[in-house]
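Just below is one structure, and these are the notes that go with it.
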Amino acid sequence: MNQFGYPESDWKLYKSKIADWQEGYMEKLCKEYITLLSSDKLPSDRFWELEKRIREDKRATGVVVTNSRSKMIDNILDLLHEGAITLDDLSDFSEELQERIKFIYSGGYNNPDNRNRL
């Protein structure tokens with residue numbers, strides 16, 4: 001267990017998975033952009049809507065990420081919130097990390113169902 005509360009093996013696994021998760025997320029975005037560009041809206045409306053989406057999307061963790069041990073948990077939570085990954089994508093990680101992510105993702109102590117956990 002490292003100082004961040006998860007095994008070193010989780011960090012190594014995260015580093016091996018993050019690029020594929022990001023590629024999958026960007027593929028999803030590209031498909032959404034194609035749908036947007038294929039719509040019946042005016043060309044100018046499609047252009048400006050695409051520009052706005054790209055400006056917003058390029059800040060997502062699924063597109064650009066700061067990889068550090070101290071940010072791993074936050075990055076995983078961001079990827080979950082963005083829809084870049086699901087909880088099932090974490091099945092290879094340690095039970096400790098999975099439980100911690102599930103707890104935080106489900107609302108932490110603000111969720112009444114979690115008050116007796118962790």
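Every chain in the structure tokens has a letter given in the order shown (A, B, ...), and although residue numbers restart at 1 in each chain, ligands are simply numbered from 1 in the order shown.
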
### Message
So that I can check the surroundings of range 92-105 of chain A, please list as an MDAnalysis selection string every protein, DNA and RNA residue that reaches within 7 Å of it, counting only C-alpha atoms and ignoring chain neighbours fewer than 2 positions away.
### Response
chainID A and resid 6 10 77 90 107:108 114

Report as a JSON list (two decimals) with N, CA and C atoms, in the first residue's frame: the residues of chain A with a DSSP assignment of alpha helix (DSSP H), based on the backbone of this structure.
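Result went into states_7.json, see below:
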```json
[["chain", "number", "residue", "atom", "x", "y", "z"],
["A", 8, "GLU", "N", 0.59, -0.41, -5.17],
["A", 8, "GLU", "CA", 1.40, 0.02, -6.33],
["A", 8, "GLU", "C", 0.92, -0.65, -7.61],
["A", 9, "SER", "N", 0.42, -1.87, -7.49],
["A", 9, "SER", "CA", -0.08, -2.59, -8.67],
["A", 9, "SER", "C", -1.25, -1.85, -9.33],
["A", 10, "ASP", "N", -2.05, -1.14, -8.53],
["A", 10, "ASP", "CA", -3.16, -0.35, -9.09],
["A", 10, "ASP", "C", -2.63, 0.80, -9.94],
["A", 11, "TRP", "N", -1.57, 1.44, -9.48],
["A", 11, "TRP", "CA", -0.97, 2.54, -10.23],
["A", 11, "TRP", "C", -0.44, 2.02, -11.57],
["A", 12, "LYS", "N", 0.24, 0.89, -11.54],
["A", 12, "LYS", "CA", 0.79, 0.32, -12.78],
["A", 12, "LYS", "C", -0.32, -0.09, -13.73],
["A", 13, "LEU", "N", -1.38, -0.66, -13.19],
["A", 13, "LEU", "CA", -2.52, -1.06, -14.03],
["A", 13, "LEU", "C", -3.20, 0.16, -14.63],
["A", 14, "TYR", "N", -3.39, 1.18, -13.82],
["A", 14, "TYR", "CA", -3.99, 2.44, -14.30],
["A", 14, "TYR", "C", -3.17, 3.01, -15.46],
["A", 15, "LYS", "N", -1.85, 3.06, -15.29],
["A", 15, "LYS", "CA", -0.99, 3.59, -16.35],
["A", 15, "LYS", "C", -1.11, 2.77, -17.64],
["A", 16, "SER", "N", -1.32, 1.48, -17.50],
["A", 16, "SER", "CA", -1.44, 0.63, -18.69],
["A", 16, "SER", "C", -2.81, 0.77, -19.36],
["A", 17, "LYS", "N", -3.82, 1.24, -18.64],
["A", 17, "LYS", "CA", -5.18, 1.32, -19.18],
["A", 17, "LYS", "C", -5.59, 2.72, -19.65],
["A", 18, "ILE", "N", -5.00, 3.75, -19.10],
["A", 18, "ILE", "CA", -5.49, 5.11, -19.33],
["A", 18, "ILE", "C", -5.51, 5.49, -20.81],
["A", 19, "ALA", "N", -4.50, 5.13, -21.57],
["A", 19, "ALA", "CA", -4.46, 5.50, -22.99],
["A", 19, "ALA", "C", -5.61, 4.86, -23.77],
["A", 20, "ASP", "N", -5.89, 3.59, -23.49],
["A", 20, "ASP", "CA", -7.01, 2.92, -24.17],
["A", 20, "ASP", "C", -8.34, 3.53, -23.76],
["A", 21, "TRP", "N", -8.48, 3.86, -22.49],
["A", 21, "TRP", "CA", -9.72, 4.51, -22.04],
["A", 21, "TRP", "C", -9.91, 5.84, -22.76],
["A", 22, "GLN", "N", -8.83, 6.60, -22.88],
["A", 22, "GLN", "CA", -8.93, 7.89, -23.56],
["A", 22, "GLN", "C", -9.25, 7.71, -25.04],
["A", 23, "GLU", "N", -8.61, 6.75, -25.69],
["A", 23, "GLU", "CA", -8.88, 6.51, -27.11],
["A", 23, "GLU", "C", -10.35, 6.12, -27.31],
["A", 24, "GLY", "N", -10.87, 5.29, -26.44],
["A", 24, "GLY", "CA", -12.28, 4.90, -26.52],
["A", 24, "GLY", "C", -13.20, 6.09, -26.34],
["A", 25, "TYR", "N", -12.87, 6.95, -25.40],
["A", 25, "TYR", "CA", -13.69, 8.14, -25.15],
["A", 25, "TYR", "C", -13.64, 9.09, -26.34],
["A", 26, "MET", "N", -12.46, 9.28, -26.91],
["A", 26, "MET", "CA", -12.35, 10.17, -28.06],
["A", 26, "MET", "C", -13.05, 9.59, -29.29],
["A", 27, "GLU", "N", -13.05, 8.27, -29.42],
["A", 27, "GLU", "CA", -13.81, 7.63, -30.50],
["A", 27, "GLU", "C", -15.29, 7.94, -30.34],
["A", 28, "LYS", "N", -15.79, 7.85, -29.10],
["A", 28, "LYS", "CA", -17.19, 8.18, -28.81],
["A", 28, "LYS", "C", -17.48, 9.63, -29.18],
["A", 29, "LEU", "N", -16.57, 10.53, -28.82],
["A", 29, "LEU", "CA", -16.76, 11.94, -29.15],
["A", 29, "LEU", "C", -16.79, 12.14, -30.66],
["A", 30, "CYS", "N", -15.88, 11.49, -31.37],
["A", 30, "CYS", "CA", -15.85, 11.63, -32.84],
["A", 30, "CYS", "C", -17.17, 11.20, -33.47],
["A", 31, "LYS", "N", -17.75, 10.12, -32.98],
["A", 31, "LYS", "CA", -19.04, 9.66, -33.49],
["A", 31, "LYS", "C", -20.13, 10.70, -33.21],
["A", 32, "GLU", "N", -20.07, 11.31, -32.03],
["A", 32, "GLU", "CA", -21.04, 12.37, -31.71],
["A", 32, "GLU", "C", -20.85, 13.57, -32.62],
["A", 33, "TYR", "N", -19.61, 13.90, -32.94],
["A", 33, "TYR", "CA", -19.34, 15.02, -33.85],
["A", 33, "TYR", "C", -19.86, 14.72, -35.25],
["A", 34, "ILE", "N", -19.70, 13.48, -35.70],
["A", 34, "ILE", "CA", -20.21, 13.09, -37.02],
["A", 34, "ILE", "C", -21.72, 13.24, -37.06],
["A", 35, "THR", "N", -22.39, 12.79, -36.00],
["A", 35, "THR", "CA", -23.84, 12.94, -35.92],
["A", 35, "THR", "C", -24.22, 14.41, -35.97],
["A", 36, "LEU", "N", -23.52, 15.23, -35.23],
["A", 36, "LEU", "CA", -23.78, 16.67, -35.22],
["A", 36, "LEU", "C", -23.59, 17.26, -36.61],
["A", 37, "LEU", "N", -22.50, 16.92, -37.27],
["A", 37, "LEU", "CA", -22.20, 17.46, -38.59],
["A", 37, "LEU", "C", -23.15, 16.93, -39.67],
["A", 43, "PRO", "N", -25.36, 25.04, -41.92],
["A", 43, "PRO", "CA", -23.92, 24.80, -41.80],
["A", 43, "PRO", "C", -23.26, 25.66, -40.73],
["A", 44, "SER", "N", -23.66, 26.91, -40.62],
["A", 44, "SER", "CA", -23.07, 27.79, -39.61],
["A", 44, "SER", "C", -23.41, 27.32, -38.20],
["A", 45, "ASP", "N", -24.65, 26.86, -38.01],
["A", 45, "ASP", "CA", -25.04, 26.35, -36.70],
["A", 45, "ASP", "C", -24.25, 25.09, -36.34],
["A", 46, "ARG", "N", -24.07, 24.19, -37.31],
["A", 46, "ARG", "CA", -23.29, 22.97, -37.07],
["A", 46, "ARG", "C", -21.85, 23.32, -36.75],
["A", 47, "PHE", "N", -21.29, 24.26, -37.49],
["A", 47, "PHE", "CA", -19.90, 24.67, -37.27],
["A", 47, "PHE", "C", -19.71, 25.20, -35.85],
["A", 48, "TRP", "N", -20.55, 26.14, -35.45],
["A", 48, "TRP", "CA", -20.37, 26.77, -34.14],
["A", 48, "TRP", "C", -20.70, 25.82, -33.00],
["A", 49, "GLU", "N", -21.66, 24.93, -33.22],
["A", 49, "GLU", "CA", -21.95, 23.93, -32.18],
["A", 49, "GLU", "C", -20.78, 22.97, -32.03],
["A", 50, "LEU", "N", -20.19, 22.56, -33.15],
["A", 50, "LEU", "CA", -19.01, 21.69, -33.10],
["A", 50, "LEU", "C", -17.85, 22.39, -32.41],
["A", 51, "GLU", "N", -17.63, 23.63, -32.75],
["A", 51, "GLU", "CA", -16.53, 24.39, -32.13],
["A", 51, "GLU", "C", -16.73, 24.47, -30.62],
["A", 52, "LYS", "N", -17.96, 24.72, -30.19],
["A", 52, "LYS", "CA", -18.25, 24.79, -28.75],
["A", 52, "LYS", "C", -18.02, 23.44, -28.08],
["A", 53, "ARG", "N", -18.50, 22.37, -28.70],
["A", 53, "ARG", "CA", -18.32, 21.03, -28.13],
["A", 53, "ARG", "C", -16.84, 20.68, -28.00],
["A", 54, "ILE", "N", -16.06, 20.94, -29.05],
["A", 54, "ILE", "CA", -14.64, 20.60, -29.00],
["A", 54, "ILE", "C", -13.94, 21.41, -27.93],
["A", 55, "ARG", "N", -14.29, 22.69, -27.82],
["A", 55, "ARG", "CA", -13.68, 23.54, -26.80],
["A", 55, "ARG", "C", -13.95, 22.98, -25.40],
["A", 56, "GLU", "N", -15.18, 22.50, -25.16],
["A", 56, "GLU", "CA", -15.53, 21.92, -23.87],
["A", 56, "GLU", "C", -14.91, 20.53, -23.69],
["A", 57, "ASP", "N", -15.02, 19.70, -24.72],
["A", 57, "ASP", "CA", -14.57, 18.31, -24.61],
["A", 57, "ASP", "C", -13.06, 18.17, -24.46],
["A", 72, "MET", "N", -4.65, 9.92, -9.42],
["A", 72, "MET", "CA", -5.25, 8.73, -10.00],
["A", 72, "MET", "C", -6.71, 8.55, -9.61],
["A", 73, "ILE", "N", -7.03, 8.64, -8.34],
["A", 73, "ILE", "CA", -8.42, 8.47, -7.88],
["A", 73, "ILE", "C", -9.31, 9.53, -8.52],
["A", 74, "ASP", "N", -8.88, 10.78, -8.50],
["A", 74, "ASP", "CA", -9.66, 11.86, -9.12],
["A", 74, "ASP", "C", -9.86, 11.61, -10.61],
["A", 75, "ASN", "N", -8.81, 11.16, -11.27],
["A", 75, "ASN", "CA", -8.91, 10.90, -12.71],
["A", 75, "ASN", "C", -9.91, 9.79, -13.00],
["A", 76, "ILE", "N", -9.87, 8.73, -12.21],
["A", 76, "ILE", "CA", -10.81, 7.63, -12.40],
["A", 76, "ILE", "C", -12.24, 8.11, -12.19],
["A", 77, "LEU", "N", -12.45, 8.90, -11.15],
["A", 77, "LEU", "CA", -13.80, 9.44, -10.90],
["A", 77, "LEU", "C", -14.25, 10.35, -12.04],
["A", 78, "ASP", "N", -13.35, 11.18, -12.55],
["A", 78, "ASP", "CA", -13.69, 12.04, -13.70],
["A", 78, "ASP", "C", -14.07, 11.19, -14.91],
["A", 79, "LEU", "N", -13.29, 10.15, -15.17],
["A", 79, "LEU", "CA", -13.58, 9.27, -16.30],
["A", 79, "LEU", "C", -14.94, 8.60, -16.15],
["A", 80, "LEU", "N", -15.29, 8.22, -14.93],
["A", 80, "LEU", "CA", -16.60, 7.64, -14.67],
["A", 80, "LEU", "C", -17.71, 8.66, -14.94],
["A", 81, "HIS", "N", -17.54, 9.86, -14.41],
["A", 81, "HIS", "CA", -18.55, 10.91, -14.59],
["A", 81, "HIS", "C", -18.71, 11.30, -16.05],
["A", 82, "GLU", "N", -17.64, 11.26, -16.81],
["A", 82, "GLU", "CA", -17.68, 11.63, -18.23],
["A", 82, "GLU", "C", -18.24, 10.50, -19.09],
["A", 95, "GLU", "N", -9.45, -4.81, -4.67],
["A", 95, "GLU", "CA", -10.74, -4.63, -4.01],
["A", 95, "GLU", "C", -10.80, -3.30, -3.26],
["A", 96, "GLU", "N", -9.67, -2.94, -2.62],
["A", 96, "GLU", "CA", -9.61, -1.69, -1.86],
["A", 96, "GLU", "C", -9.90, -0.50, -2.76],
["A", 97, "LEU", "N", -9.27, -0.47, -3.91],
["A", 97, "LEU", "CA", -9.48, 0.65, -4.83],
["A", 97, "LEU", "C", -10.90, 0.65, -5.37],
["A", 98, "GLN", "N", -11.39, -0.51, -5.74],
["A", 98, "GLN", "CA", -12.75, -0.59, -6.26],
["A", 98, "GLN", "C", -13.77, -0.11, -5.24],
["A", 99, "GLU", "N", -13.61, -0.55, -4.00],
["A", 99, "GLU", "CA", -14.53, -0.13, -2.95],
["A", 99, "GLU", "C", -14.45, 1.39, -2.71],
["A", 100, "ARG", "N", -13.26, 1.90, -2.70],
["A", 100, "ARG", "CA", -13.07, 3.35, -2.49],
["A", 100, "ARG", "C", -13.72, 4.16, -3.61],
["A", 101, "ILE", "N", -13.52, 3.72, -4.85],
["A", 101, "ILE", "CA", -14.12, 4.42, -5.99],
["A", 101, "ILE", "C", -15.64, 4.33, -5.94],
["A", 102, "LYS", "N", -16.17, 3.13, -5.68],
["A", 102, "LYS", "CA", -17.62, 2.95, -5.60],
["A", 102, "LYS", "C", -18.21, 3.82, -4.52],
["A", 103, "PHE", "N", -17.54, 3.89, -3.39],
["A", 103, "PHE", "CA", -18.01, 4.70, -2.26],
["A", 103, "PHE", "C", -18.09, 6.17, -2.65],
["A", 104, "ILE", "N", -17.02, 6.70, -3.19],
["A", 104, "ILE", "CA", -16.98, 8.12, -3.57],
["A", 104, "ILE", "C", -17.96, 8.39, -4.71],
["A", 105, "TYR", "N", -17.95, 7.52, -5.71],
["A", 105, "TYR", "CA", -18.79, 7.70, -6.90],
["A", 105, "TYR", "C", -20.27, 7.68, -6.56]]
```

### Message
I'd like to know which of A:Thr61, A:Phe4, A:Leu87, A:Asn67 is closest to Ser106 in chain A, using only C-alpha atoms.
### Response
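Using only C-alpha atoms, Ser106 in chain A sits closest to A:Leu87.
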
### Query
CA of Gly83 in chain A and CA of Asn110 in chain A, how far apart in Å?
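Distance between the two atoms: 21.9 Å.
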